[in-house]
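S.K.: Okay, so here is entry35.cif, and as you'll see once you scroll down, it has mmCIF, C-alpha atoms.
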data_coords
loop_
_atom_site.group_PDB
_atom_site.id
_atom_site.type_symbol
_atom_site.label_atom_id
_atom_site.label_comp_id
_atom_site.auth_asym_id
_atom_site.auth_seq_id
_atom_site.Cartn_x
_atom_site.Cartn_y
_atom_site.Cartn_z
ATOM 1 C CA MET A 1 -124.007 62.583 -34.174
ATOM 2 C CA THR A 2 -120.315 63.487 -34.485
ATOM 3 C CA THR A 3 -118.301 61.898 -37.287
ATOM 4 C CA VAL A 4 -114.798 60.946 -36.123
ATOM 5 C CA ASN A 5 -111.960 60.562 -38.621
ATOM 6 C CA VAL A 6 -108.631 59.244 -37.316
ATOM 7 C CA VAL A 7 -106.096 58.720 -40.109
ATOM 8 C CA ASP A 8 -102.654 57.085 -39.844
ATOM 9 C CA ASP A 9 -100.365 58.551 -42.501
ATOM 10 C CA THR A 10 -97.358 56.606 -41.201
ATOM 11 C CA GLY A 11 -98.878 53.194 -41.926
ATOM 12 C CA THR A 12 -97.313 51.843 -38.717
ATOM 13 C CA GLN A 13 -99.449 53.292 -35.919
ATOM 14 C CA GLY A 14 -102.623 51.187 -36.099
ATOM 15 C CA GLU A 15 -102.664 50.582 -32.335
ATOM 16 C CA LEU A 16 -102.284 54.295 -31.595
ATOM 17 C CA ARG A 17 -105.084 55.098 -34.054
ATOM 18 C CA GLU A 18 -107.401 52.665 -32.261
ATOM 19 C CA GLN A 19 -106.450 54.193 -28.896
ATOM 20 C CA ILE A 20 -107.330 57.687 -30.107
ATOM 21 C CA GLU A 21 -110.644 56.471 -31.548
ATOM 22 C CA SER A 22 -111.491 54.815 -28.215
ATOM 23 C CA ILE A 23 -110.572 57.934 -26.246
ATOM 24 C CA LEU A 24 -112.634 60.198 -28.504
ATOM 25 C CA ALA A 25 -115.658 57.925 -28.100
ATOM 26 C CA ARG A 26 -115.405 58.406 -24.313
ATOM 27 C CA VAL A 27 -114.630 62.105 -24.137
ATOM 28 C CA ILE A 28 -116.752 63.682 -26.886
ATOM 29 C CA PRO A 29 -119.966 63.337 -24.807
ATOM 30 C CA LEU A 30 -118.210 65.088 -21.894
ATOM 31 C CA VAL A 31 -117.197 68.267 -23.740
ATOM 32 C CA LYS A 32 -120.587 70.009 -23.783
ATOM 33 C CA PRO A 33 -121.402 69.401 -20.072
ATOM 34 C CA ALA A 34 -117.912 70.452 -18.983
ATOM 35 C CA THR A 35 -117.395 73.519 -21.190
ATOM 36 C CA GLY A 36 -120.729 74.461 -22.737
ATOM 37 C CA LEU A 37 -119.165 74.262 -26.218
ATOM 38 C CA ASP A 38 -120.483 72.063 -29.003
ATOM 39 C CA VAL A 39 -118.149 69.549 -30.582
ATOM 40 C CA PRO A 40 -117.995 70.061 -34.378
ATOM 41 C CA ASP A 41 -120.045 67.732 -36.555
ATOM 42 C CA THR A 42 -116.778 66.292 -37.890
ATOM 43 C CA VAL A 43 -113.701 65.702 -35.722
ATOM 44 C CA ASN A 44 -110.426 65.044 -37.548
ATOM 45 C CA PHE A 45 -107.245 63.544 -36.089
ATOM 46 C CA ARG A 46 -104.188 62.551 -38.107
ATOM 47 C CA ILE A 47 -101.044 60.633 -37.135
ATOM 48 C CA THR A 48 -98.229 61.925 -39.297
ATOM 49 C CA PRO A 49 -94.448 61.700 -39.778
ATOM 50 C CA VAL A 50 -92.443 64.473 -38.158
ATOM 51 C CA GLU A 51 -91.323 65.908 -41.530
ATOM 52 C CA THR A 52 -94.952 66.328 -42.612
ATOM 53 C CA TYR A 53 -95.837 67.922 -39.285
ATOM 54 C CA ARG A 54 -93.066 70.487 -39.601
ATOM 55 C CA ARG A 55 -94.077 71.355 -43.158
ATOM 56 C CA ASP A 56 -97.735 71.731 -42.183
ATOM 57 C CA GLN A 57 -96.854 73.916 -39.188
ATOM 58 C CA VAL A 58 -94.979 76.372 -41.399
ATOM 59 C CA ALA A 59 -97.795 76.400 -43.976
ATOM 60 C CA ASN A 60 -100.383 77.024 -41.261
ATOM 61 C CA MET A 61 -98.337 79.890 -39.813
ATOM 62 C CA GLY A 62 -98.147 81.428 -43.280
ATOM 63 C CA ARG A 63 -101.933 81.230 -43.677
ATOM 64 C CA ASN A 64 -102.499 82.822 -40.275
ATOM 65 C CA LEU A 65 -100.101 85.655 -41.044
ATOM 66 C CA ARG A 66 -101.847 86.342 -44.345
ATOM 67 C CA LYS A 67 -105.179 86.523 -42.487
ATOM 68 C CA CYS A 68 -103.663 89.078 -40.117
ATOM 69 C CA HIS A 69 -102.340 91.134 -43.033
ATOM 70 C CA ARG A 70 -105.855 91.545 -44.425
ATOM 71 C CA THR A 71 -107.062 93.106 -41.166
ATOM 72 C CA ILE A 72 -104.480 95.883 -40.873
ATOM 73 C CA PRO A 73 -104.517 99.297 -42.612
ATOM 74 C CA TYR A 74 -103.255 99.097 -46.183
ATOM 75 C CA TRP A 75 -100.378 101.529 -45.545
ATOM 76 C CA ARG A 76 -98.889 99.147 -42.926
ATOM 77 C CA ARG A 77 -99.154 96.015 -45.052
ATOM 78 C CA PRO A 78 -95.852 96.371 -46.982
ATOM 79 C CA PHE A 79 -93.899 96.729 -43.728
ATOM 80 C CA VAL A 80 -95.640 93.768 -42.086
ATOM 81 C CA ALA A 81 -95.231 91.640 -45.222
ATOM 82 C CA ALA A 82 -91.493 92.397 -45.316
ATOM 83 C CA LEU A 83 -91.179 91.632 -41.590
ATOM 84 C CA THR A 84 -92.985 88.336 -42.115
ATOM 85 C CA ALA A 85 -90.839 87.234 -45.058
ATOM 86 C CA ALA A 86 -87.499 88.368 -43.622
ATOM 87 C CA VAL A 87 -87.887 87.501 -39.944
ATOM 88 C CA LEU A 88 -91.031 85.814 -38.662
ATOM 89 C CA LEU A 89 -91.375 82.870 -41.041
ATOM 90 C CA PRO A 90 -87.623 82.057 -41.181
ATOM 91 C CA VAL A 91 -87.370 82.098 -37.376
ATOM 92 C CA PHE A 92 -90.499 79.987 -37.050
ATOM 93 C CA ARG A 93 -89.166 77.533 -39.661
ATOM 94 C CA LEU A 94 -85.875 77.150 -37.746
ATOM 95 C CA THR A 95 -87.706 76.714 -34.443
ATOM 96 C CA ILE A 96 -89.992 74.016 -35.819
ATOM 97 C CA ALA A 97 -87.027 72.226 -37.395
ATOM 98 C CA LYS A 98 -85.331 72.159 -33.987
ATOM 99 C CA VAL A 99 -88.157 71.321 -31.575
ATOM 100 C CA GLY A 100 -91.098 70.121 -33.709
ATOM 101 C CA GLY A 101 -91.610 66.463 -32.925
ATOM 102 C CA ILE A 102 -89.557 66.655 -29.711
ATOM 103 C CA LEU A 103 -90.851 69.393 -27.415
ATOM 104 C CA VAL A 104 -94.145 69.553 -29.322
ATOM 105 C CA ALA A 105 -96.150 66.360 -29.836
ATOM 106 C CA GLY A 106 -98.913 67.780 -32.015
ATOM 107 C CA ALA A 107 -101.120 70.701 -32.913
ATOM 108 C CA THR A 108 -104.577 71.633 -34.191
ATOM 109 C CA PHE A 109 -105.062 73.510 -37.465
ATOM 110 C CA SER A 110 -107.961 75.105 -39.272
ATOM 111 C CA LEU A 111 -108.195 73.287 -42.592
ATOM 112 C CA PRO A 112 -107.848 75.650 -45.585
ATOM 113 C CA LYS A 113 -111.044 76.218 -47.579
ATOM 114 C CA SER A 114 -113.042 74.284 -44.986
ATOM 115 C CA ALA A 115 -115.080 74.875 -41.848
ATOM 116 C CA GLU A 116 -113.329 71.970 -40.162
ATOM 117 C CA SER A 117 -110.248 71.562 -37.967
ATOM 118 C CA GLU A 118 -107.648 68.822 -37.828
ATOM 119 C CA THR A 119 -105.403 67.704 -34.991
ATOM 120 C CA VAL A 120 -102.017 66.275 -35.961
ATOM 121 C CA PHE A 121 -100.099 63.938 -33.648
ATOM 122 C CA VAL A 122 -96.440 63.017 -34.209
ATOM 123 C CA PRO A 123 -95.507 59.592 -32.751
ATOM 124 C CA GLU A 124 -91.907 60.691 -32.042
ATOM 125 C CA GLY A 125 -93.163 63.739 -30.166
ATOM 126 C CA LEU A 126 -95.608 61.654 -28.144
ATOM 127 C CA GLN A 127 -92.739 59.379 -27.119
ATOM 128 C CA HIS A 128 -90.365 62.233 -26.203
ATOM 129 C CA ASN A 129 -93.101 63.880 -24.110
ATOM 130 C CA GLY A 130 -93.931 60.647 -22.264
ATOM 131 C CA ILE A 131 -97.502 60.714 -23.554
ATOM 132 C CA LEU A 132 -97.449 57.029 -24.527
ATOM 133 C CA THR A 133 -96.307 55.832 -21.082
ATOM 134 C CA ASP A 134 -99.861 55.923 -19.722
ATOM 135 C CA GLU A 135 -103.231 56.196 -21.441
ATOM 136 C CA LYS A 136 -104.267 58.986 -19.081
ATOM 137 C CA TYR A 137 -101.645 61.281 -20.658
ATOM 138 C CA LEU A 138 -102.817 60.466 -24.172
ATOM 139 C CA THR A 139 -106.396 61.091 -22.997
ATOM 140 C CA ALA A 140 -105.493 64.509 -21.571
ATOM 141 C CA LEU A 141 -103.679 65.552 -24.760
ATOM 142 C CA THR A 142 -106.504 64.294 -26.970
ATOM 143 C CA VAL A 143 -109.071 66.225 -24.923
ATOM 144 C CA HIS A 144 -106.892 69.347 -25.055
ATOM 145 C CA GLU A 145 -106.692 69.287 -28.851
ATOM 146 C CA LEU A 146 -110.369 68.331 -29.183
ATOM 147 C CA LEU A 147 -111.203 71.479 -27.216
ATOM 148 C CA HIS A 148 -109.195 73.528 -29.707
ATOM 149 C CA GLN A 149 -111.419 72.083 -32.441
ATOM 150 C CA ALA A 150 -114.494 73.073 -30.396
ATOM 151 C CA GLN A 151 -113.060 76.585 -29.930
ATOM 152 C CA ASN A 152 -112.478 76.947 -33.675
ATOM 153 C CA HIS A 153 -116.056 75.858 -34.265
ATOM 154 C CA ALA A 154 -117.382 78.409 -31.733
ATOM 155 C CA SER A 155 -115.273 81.350 -32.969
ATOM 156 C CA GLY A 156 -115.696 80.623 -36.676
ATOM 157 C CA HIS A 157 -111.970 79.816 -36.771
ATOM 158 C CA ARG A 158 -111.359 83.252 -35.197
ATOM 159 C CA ALA A 159 -113.421 84.991 -37.885
ATOM 160 C CA ASN A 160 -115.821 86.289 -35.209
ATOM 161 C CA TRP A 161 -112.901 88.225 -33.747
ATOM 162 C CA ILE A 162 -110.662 89.114 -36.677
ATOM 163 C CA ALA A 163 -113.451 90.353 -38.938
ATOM 164 C CA ASN A 164 -114.350 93.033 -36.409
ATOM 165 C CA ARG A 165 -110.999 93.841 -34.868
ATOM 166 C CA ALA A 166 -107.510 94.514 -36.183
ATOM 167 C CA VAL A 167 -105.908 91.488 -34.538
ATOM 168 C CA THR A 168 -102.331 91.890 -35.719
ATOM 169 C CA LEU A 169 -98.995 90.292 -34.928
ATOM 170 C CA LEU A 170 -98.309 93.038 -32.409
ATOM 171 C CA ASP A 171 -101.785 93.023 -30.864
ATOM 172 C CA PRO A 172 -103.017 89.444 -30.348
ATOM 173 C CA GLY A 173 -105.747 90.582 -27.965
ATOM 174 C CA GLY A 174 -105.290 87.765 -25.485
ATOM 175 C CA ILE A 175 -106.459 85.144 -28.003
ATOM 176 C CA ASN A 176 -103.621 82.699 -27.343
ATOM 177 C CA HIS A 177 -104.026 83.010 -23.596
ATOM 178 C CA LEU A 178 -107.757 82.468 -23.886
ATOM 179 C CA GLU A 179 -107.541 79.451 -26.203
ATOM 180 C CA GLU A 180 -104.696 77.661 -24.409
ATOM 181 C CA GLY A 181 -105.924 78.565 -20.927
ATOM 182 C CA HIS A 182 -109.421 77.351 -21.811
ATOM 183 C CA ALA A 183 -108.064 74.075 -23.246
ATOM 184 C CA ILE A 184 -105.944 73.458 -20.136
ATOM 185 C CA TRP A 185 -108.883 74.221 -17.847
ATOM 186 C CA GLY A 186 -111.153 71.993 -19.923
ATOM 187 C CA ASP A 187 -108.820 69.009 -20.216
ATOM 188 C CA ARG A 188 -108.256 69.047 -16.461
ATOM 189 C CA SER A 189 -111.987 69.236 -15.787
ATOM 190 C CA ILE A 190 -112.724 66.289 -18.080
ATOM 191 C CA THR A 191 -109.817 64.107 -16.935
ATOM 192 C CA ARG A 192 -110.834 64.784 -13.330
ATOM 193 C CA GLU A 193 -114.239 63.339 -14.154
ATOM 194 C CA LEU A 194 -112.675 60.323 -15.884
ATOM 195 C CA TYR A 195 -109.895 59.515 -13.417
ATOM 196 C CA GLY A 196 -110.927 61.196 -10.176
ATOM 197 C CA THR A 197 -108.050 63.665 -10.391
ATOM 198 C CA ALA A 198 -106.914 66.108 -13.067
ATOM 199 C CA VAL A 199 -104.185 64.825 -15.390
ATOM 200 C CA ASP A 200 -101.270 67.151 -16.161
ATOM 201 C CA THR A 201 -99.205 66.016 -19.159
ATOM 202 C CA ARG A 202 -96.231 67.976 -17.813
ATOM 203 C CA SER A 203 -95.791 65.233 -15.204
ATOM 204 C CA ALA A 204 -95.296 62.547 -17.891
ATOM 205 C CA PRO A 205 -91.721 61.134 -17.942
ATOM 206 C CA LYS A 206 -89.722 62.926 -20.634
ATOM 207 C CA SER A 207 -86.975 61.487 -22.832
ATOM 208 C CA GLU A 208 -83.314 62.452 -22.426
ATOM 209 C CA GLN A 209 -83.436 64.179 -25.820
ATOM 210 C CA TYR A 210 -86.388 66.255 -24.612
ATOM 211 C CA LYS A 211 -84.550 67.203 -21.422
ATOM 212 C CA ALA A 212 -81.443 68.217 -23.376
ATOM 213 C CA ILE A 213 -83.207 71.002 -25.285
ATOM 214 C CA PRO A 214 -83.111 74.449 -23.579
ATOM 215 C CA ARG A 215 -86.643 75.285 -22.549
ATOM 216 C CA ARG A 216 -86.370 78.823 -21.181
ATOM 217 C CA GLY A 217 -88.724 80.287 -23.745
ATOM 218 C CA LEU A 218 -91.051 77.304 -23.579
ATOM 219 C CA GLN A 219 -91.273 77.463 -19.797
ATOM 220 C CA LYS A 220 -92.213 81.145 -19.947
ATOM 221 C CA LYS A 221 -94.889 80.273 -22.508
ATOM 222 C CA LEU A 222 -96.230 77.496 -20.287
ATOM 223 C CA ASP A 223 -96.405 79.901 -17.344
ATOM 224 C CA VAL A 224 -98.448 82.283 -19.481
ATOM 225 C CA TYR A 225 -100.811 79.441 -20.422
ATOM 226 C CA GLU A 226 -101.214 78.527 -16.766
ATOM 227 C CA GLY A 227 -102.101 82.160 -16.147
ATOM 228 C CA GLY A 228 -104.637 81.842 -18.965
ATOM 229 C CA CYS A 229 -106.074 78.787 -17.234
ATOM 230 C CA LEU A 230 -106.472 80.788 -14.033
ATOM 231 C CA LEU A 231 -108.071 83.585 -16.049
ATOM 232 C CA VAL A 232 -110.660 81.191 -17.512
ATOM 233 C CA MET A 233 -111.293 79.379 -14.245
ATOM 234 C CA SER A 234 -111.914 82.643 -12.396
ATOM 235 C CA ALA A 235 -114.279 83.878 -15.098
ATOM 236 C CA VAL A 236 -116.307 80.664 -15.268
ATOM 237 C CA ARG A 237 -116.671 80.566 -11.491
ATOM 238 C CA ALA A 238 -117.784 84.193 -11.395
ATOM 239 C CA VAL A 239 -120.203 84.441 -14.322
ATOM 240 C CA GLY A 240 -121.006 80.854 -15.373
ATOM 241 C CA LEU A 241 -120.475 79.023 -18.651
ATOM 242 C CA GLU A 242 -123.244 80.711 -20.630
ATOM 243 C CA THR A 243 -121.946 84.230 -20.062
ATOM 244 C CA PHE A 244 -118.304 83.186 -20.403
ATOM 245 C CA ASN A 245 -118.899 81.480 -23.755
ATOM 246 C CA LYS A 246 -120.114 84.729 -25.316
ATOM 247 C CA VAL A 247 -116.423 85.574 -25.756
ATOM 248 C CA TRP A 248 -116.213 83.190 -28.734
ATOM 249 C CA ALA A 249 -118.580 85.388 -30.737
ATOM 250 C CA ASP A 250 -117.670 88.900 -29.546
ATOM 251 C CA HIS A 251 -114.232 90.444 -30.033
ATOM 252 C CA ARG A 252 -115.018 93.111 -27.434
ATOM 253 C CA LEU A 253 -115.004 90.459 -24.699
ATOM 254 C CA LEU A 254 -111.486 89.182 -25.410
ATOM 255 C CA PRO A 255 -109.198 89.594 -22.381
ATOM 256 C CA ASN A 256 -107.015 92.678 -22.676
ATOM 257 C CA PRO A 257 -103.274 92.702 -21.865
ATOM 258 C CA SER A 258 -103.708 94.053 -18.347
ATOM 259 C CA GLU A 259 -106.282 91.378 -17.508
ATOM 260 C CA VAL A 260 -103.989 88.663 -18.871
ATOM 261 C CA ALA A 261 -100.985 90.064 -17.006
ATOM 262 C CA ASP A 262 -103.020 90.204 -13.816
ATOM 263 C CA ALA A 263 -103.940 86.528 -14.072
ATOM 264 C CA VAL A 264 -100.363 85.508 -14.940
ATOM 265 C CA ALA A 265 -99.066 87.427 -11.924
ATOM 266 C CA ALA A 266 -101.668 85.722 -9.754
ATOM 267 C CA TYR A 267 -100.490 82.322 -11.019
ATOM 268 C CA ASN A 268 -96.853 83.194 -10.309
ATOM 269 C CA ALA A 269 -97.809 84.782 -6.954
ATOM 270 C CA ASP A 270 -95.407 87.644 -7.581
ATOM 271 C CA ALA A 271 -97.709 90.265 -6.109
ATOM 272 C CA PRO A 272 -101.238 90.717 -4.763
ATOM 273 C CA THR A 273 -103.473 90.526 -7.814
ATOM 274 C CA GLN A 274 -107.066 90.190 -8.910
ATOM 275 C CA PRO A 275 -107.375 87.425 -11.511
ATOM 276 C CA GLU A 276 -111.121 88.032 -11.577
ATOM 277 C CA LEU A 277 -110.803 91.417 -13.324
ATOM 278 C CA TRP A 278 -111.771 89.934 -16.676
ATOM 279 C CA ALA A 279 -114.691 88.119 -15.051
ATOM 280 C CA ALA A 280 -115.956 91.448 -13.719
ATOM 281 C CA ARG A 281 -115.885 92.900 -17.230
ATOM 282 C CA LEU A 282 -117.712 89.872 -18.663
ATOM 283 C CA ASP A 283 -120.315 90.222 -15.950
ATOM 284 C CA GLY A 284 -120.650 93.948 -16.624
ATOM 285 C CA ALA A 285 -121.199 93.300 -20.319
ATOM 286 C CA GLU A 286 -123.909 90.775 -19.465
ATOM 287 C CA ALA A 287 -125.640 93.249 -17.159
ATOM 288 C CA ALA A 288 -125.494 96.002 -19.794
ATOM 289 C CA GLU A 289 -126.979 93.650 -22.388
ATOM 290 C CA VAL A 290 -129.853 92.760 -20.099
#
Could you show the structure in this file as structure tokens?
M.R.:
Amino acid sequence: MTTVNVVDDTGTQGELREQIESILARVIPLVKPATGLDVPDTVNFRITPVETYRRDQVANMGRNLRKCHRTIPYWRRPFVAALTAAVLLPVFRLTIAKVGGILVAGATFSLPKSAESETVFVPEGLQHNGILTDEKYLTALTVHELLHQAQNHASGHRANWIANRAVTLLDPGGINHLEEGHAIWGDRSITRELYGTAVDTRSAPKSEQYKAIPRRGLQKKLDVYEGGCLLVMSAVRAVGLETFNKVWADHRLLPNPSEVADAVAAYNADAPTQPELWAARLDGAEAAEV
């Protein structure tokens, strides 16, 4: 039995809190059949003011960077620490101050000193992204973030990868593409079951303030995530959920840059590609294990 905690820190979003609770009650039983992943014993969602969201985003980035520092050779740590303090965190802080709560409606974090995750929703961001115009959009976003909590649970909050592999700032090992592509693939699979057709939150009507922000970098990021979705979809079709889900426990099965690039190119249709390259490697690893 999954315990669901939905907290409203704003004190004004009782109706939204009830909506999220209702959605979670409907979608939690669908996660395991659709993705093969277990939902954590405790699922946490929080509705928070935009200032709190921005602060928590910066703090979470700092924690993640410190985790990366511990995995790299000691002689590189001073350089990476200086780069983090002088460039990465300040740039991230400025970016979040500009677009957090407008372009981004929420995020999922690993809670410090805990084996749990928490998804944070910002009401202003939900409004700017058009998520509150139709319950199907809020359902799709809730499923997407719930899948990130399931991923964290399956990968030990990335510990299964980072503990065995030097996942650094310069060598992410396809983790972001895997996690976001998997969440996109999963939320579309589940919303297709609920509504008869997959729900894409990008089609939600955006506010004028949202449209006024330059989105060149964001659009490139979204294209990469769509390539990640194609990567996951191809792998699941080729090798099945059981074999695919071994990636959450084995750093050697993470998609490499060429496999990610191949899937992104296939999504953009820039050239003849083989998005199933990663699937072939997953299948080969399964055969070798047998």
S.K.: Can you list what the PyMOL selection byres ((chain A and resi 231) around 12) grabs from this structure, as a VMD selection string?
M.R.: chain A and resid 174 177 to 185 224 to 230 232 to 238 244 254 to 267 273 to 280 282
S.K.: Counting only C-alpha atoms, what is within 8 Å of range 43-56 of chain A, bar same-chain residues fewer than 6 positions away, as a list of chain:residue names?
M.R.: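 Residues meeting the cut-off are A:Thr2, A:Thr3, A:Val4, A:Asn5, A:Val6, A:Val7, A:Asp8, A:Asp9, A:Thr10, A:Gln13, A:Arg17, A:Ile96, A:Ala97, A:Gly100, A:Gly101, A:Gly106, A:Glu116, A:Ser117, A:Glu118, A:Thr119, A:Val120, A:Phe121, A:Val122, A:Pro123, A:Glu124, A:Leu146, A:Gln149.
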S.K.: Could you jot down the CA of Gln151 in chain A to CA of Asp134 in chain A separation for me, Å, one decimal place?
M.R.: 26.6 Å
S.K.: Quick one: apply the PyMOL selection byres ((chain A and resi 115) around 12) to the file and drop the selected residues here as a PDB file with C-alpha atoms, in the frame of the given file.
M.R.:
ATOM      1  CA  PRO A  40    -117.995  70.061 -34.378  1.00  0.00           C
ATOM      2  CA  ASP A  41    -120.045  67.732 -36.555  1.00  0.00           C
ATOM      3  CA  THR A  42    -116.778  66.292 -37.890  1.00  0.00           C
ATOM      4  CA  VAL A  43    -113.701  65.702 -35.722  1.00  0.00           C
ATOM      5  CA  ASN A  44    -110.426  65.044 -37.548  1.00  0.00           C
ATOM      6  CA  PHE A 109    -105.062  73.510 -37.465  1.00  0.00           C
ATOM      7  CA  SER A 110    -107.961  75.105 -39.272  1.00  0.00           C
ATOM      8  CA  LEU A 111    -108.195  73.287 -42.592  1.00  0.00           C
ATOM      9  CA  PRO A 112    -107.848  75.650 -45.585  1.00  0.00           C
ATOM     10  CA  LYS A 113    -111.044  76.218 -47.579  1.00  0.00           C
ATOM     11  CA  SER A 114    -113.042  74.284 -44.986  1.00  0.00           C
ATOM     12  CA  GLU A 116    -113.329  71.970 -40.162  1.00  0.00           C
ATOM     13  CA  SER A 117    -110.248  71.562 -37.967  1.00  0.00           C
ATOM     14  CA  GLU A 118    -107.648  68.822 -37.828  1.00  0.00           C
ATOM     15  CA  GLN A 149    -111.419  72.083 -32.441  1.00  0.00           C
ATOM     16  CA  ALA A 150    -114.494  73.073 -30.396  1.00  0.00           C
ATOM     17  CA  ASN A 152    -112.478  76.947 -33.675  1.00  0.00           C
ATOM     18  CA  HIS A 153    -116.056  75.858 -34.265  1.00  0.00           C
ATOM     19  CA  ALA A 154    -117.382  78.409 -31.733  1.00  0.00           C
ATOM     20  CA  SER A 155    -115.273  81.350 -32.969  1.00  0.00           C
ATOM     21  CA  GLY A 156    -115.696  80.623 -36.676  1.00  0.00           C
ATOM     22  CA  HIS A 157    -111.970  79.816 -36.771  1.00  0.00           C
ATOM     23  CA  ARG A 158    -111.359  83.252 -35.197  1.00  0.00           C
ATOM     24  CA  ALA A 159    -113.421  84.991 -37.885  1.00  0.00           C
TER      25      ALA A 159
END
S.K.: Rounded to one decimal, what separation in Å do you get between CA of Val199 in chain A and CA of Glu242 in chain A?
M.R.: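 One can read the CA of Val199 in chain A to CA of Glu242 in chain A distance as 25.4 Å.
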S.K.: Please compute the CA of Ser203 in chain A-CA of Lys32 in chain A distance, one decimal, in Å.
M.R.: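 Rounded to one decimal, the two atoms are 26.7 Å apart.
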S.K.: Smallest atom-to-atom distance to Thr201 in chain A: which of A:Val239, A:Ala285, A:Ala105, A:Val31, using all atoms listed in the file?
M.R.: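 Closest residue, counting all atoms listed in the file: A:Ala105.
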S.K.: Here's a test: counting all atoms listed in the file, identify every protein, DNA and RNA residue with an atom at most 12 Å from (-87.7, 58.7, -19.0) in the file's coordinate frame, and state them as an MDAnalysis selection string.
M.R.: chainID A and resid 127:133 203:211
S.K.: Given 5 Å on each side, where is the centre and what are the edge lengths in Å to one decimal of the axis-aligned box enclosing the listed atoms of range 234-239 of chain A, as lines of an AutoDock Vina configuration file?
M.R.:
center_x = -116.1
center_y = 82.5
center_z = -13.3
size_x = 18.3
size_y = 13.9
size_z = 13.9
S.K.: Determine, counting all atoms listed in the file, which protein, DNA and RNA residues have an atom within 9 Å of an atom of Thr191 in chain A; residues of the same chain fewer than 4 positions away are not included. Present the result as a list in words.
M.R.: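 Returned residues: Val27, Lys136, Thr139, Ala140, Val143, Gly186, Asp187, Tyr195, Gly196, Thr197, Ala198 and Val199 of chain A.
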S.K.: Quick check on the file I pasted: which residues fall under the PyMOL selection byres ((chain A and resi 22) around 12)? Write them as a ChimeraX atom specification.
M.R.: /A:4-6,15-21,23-28,135,138-139,142
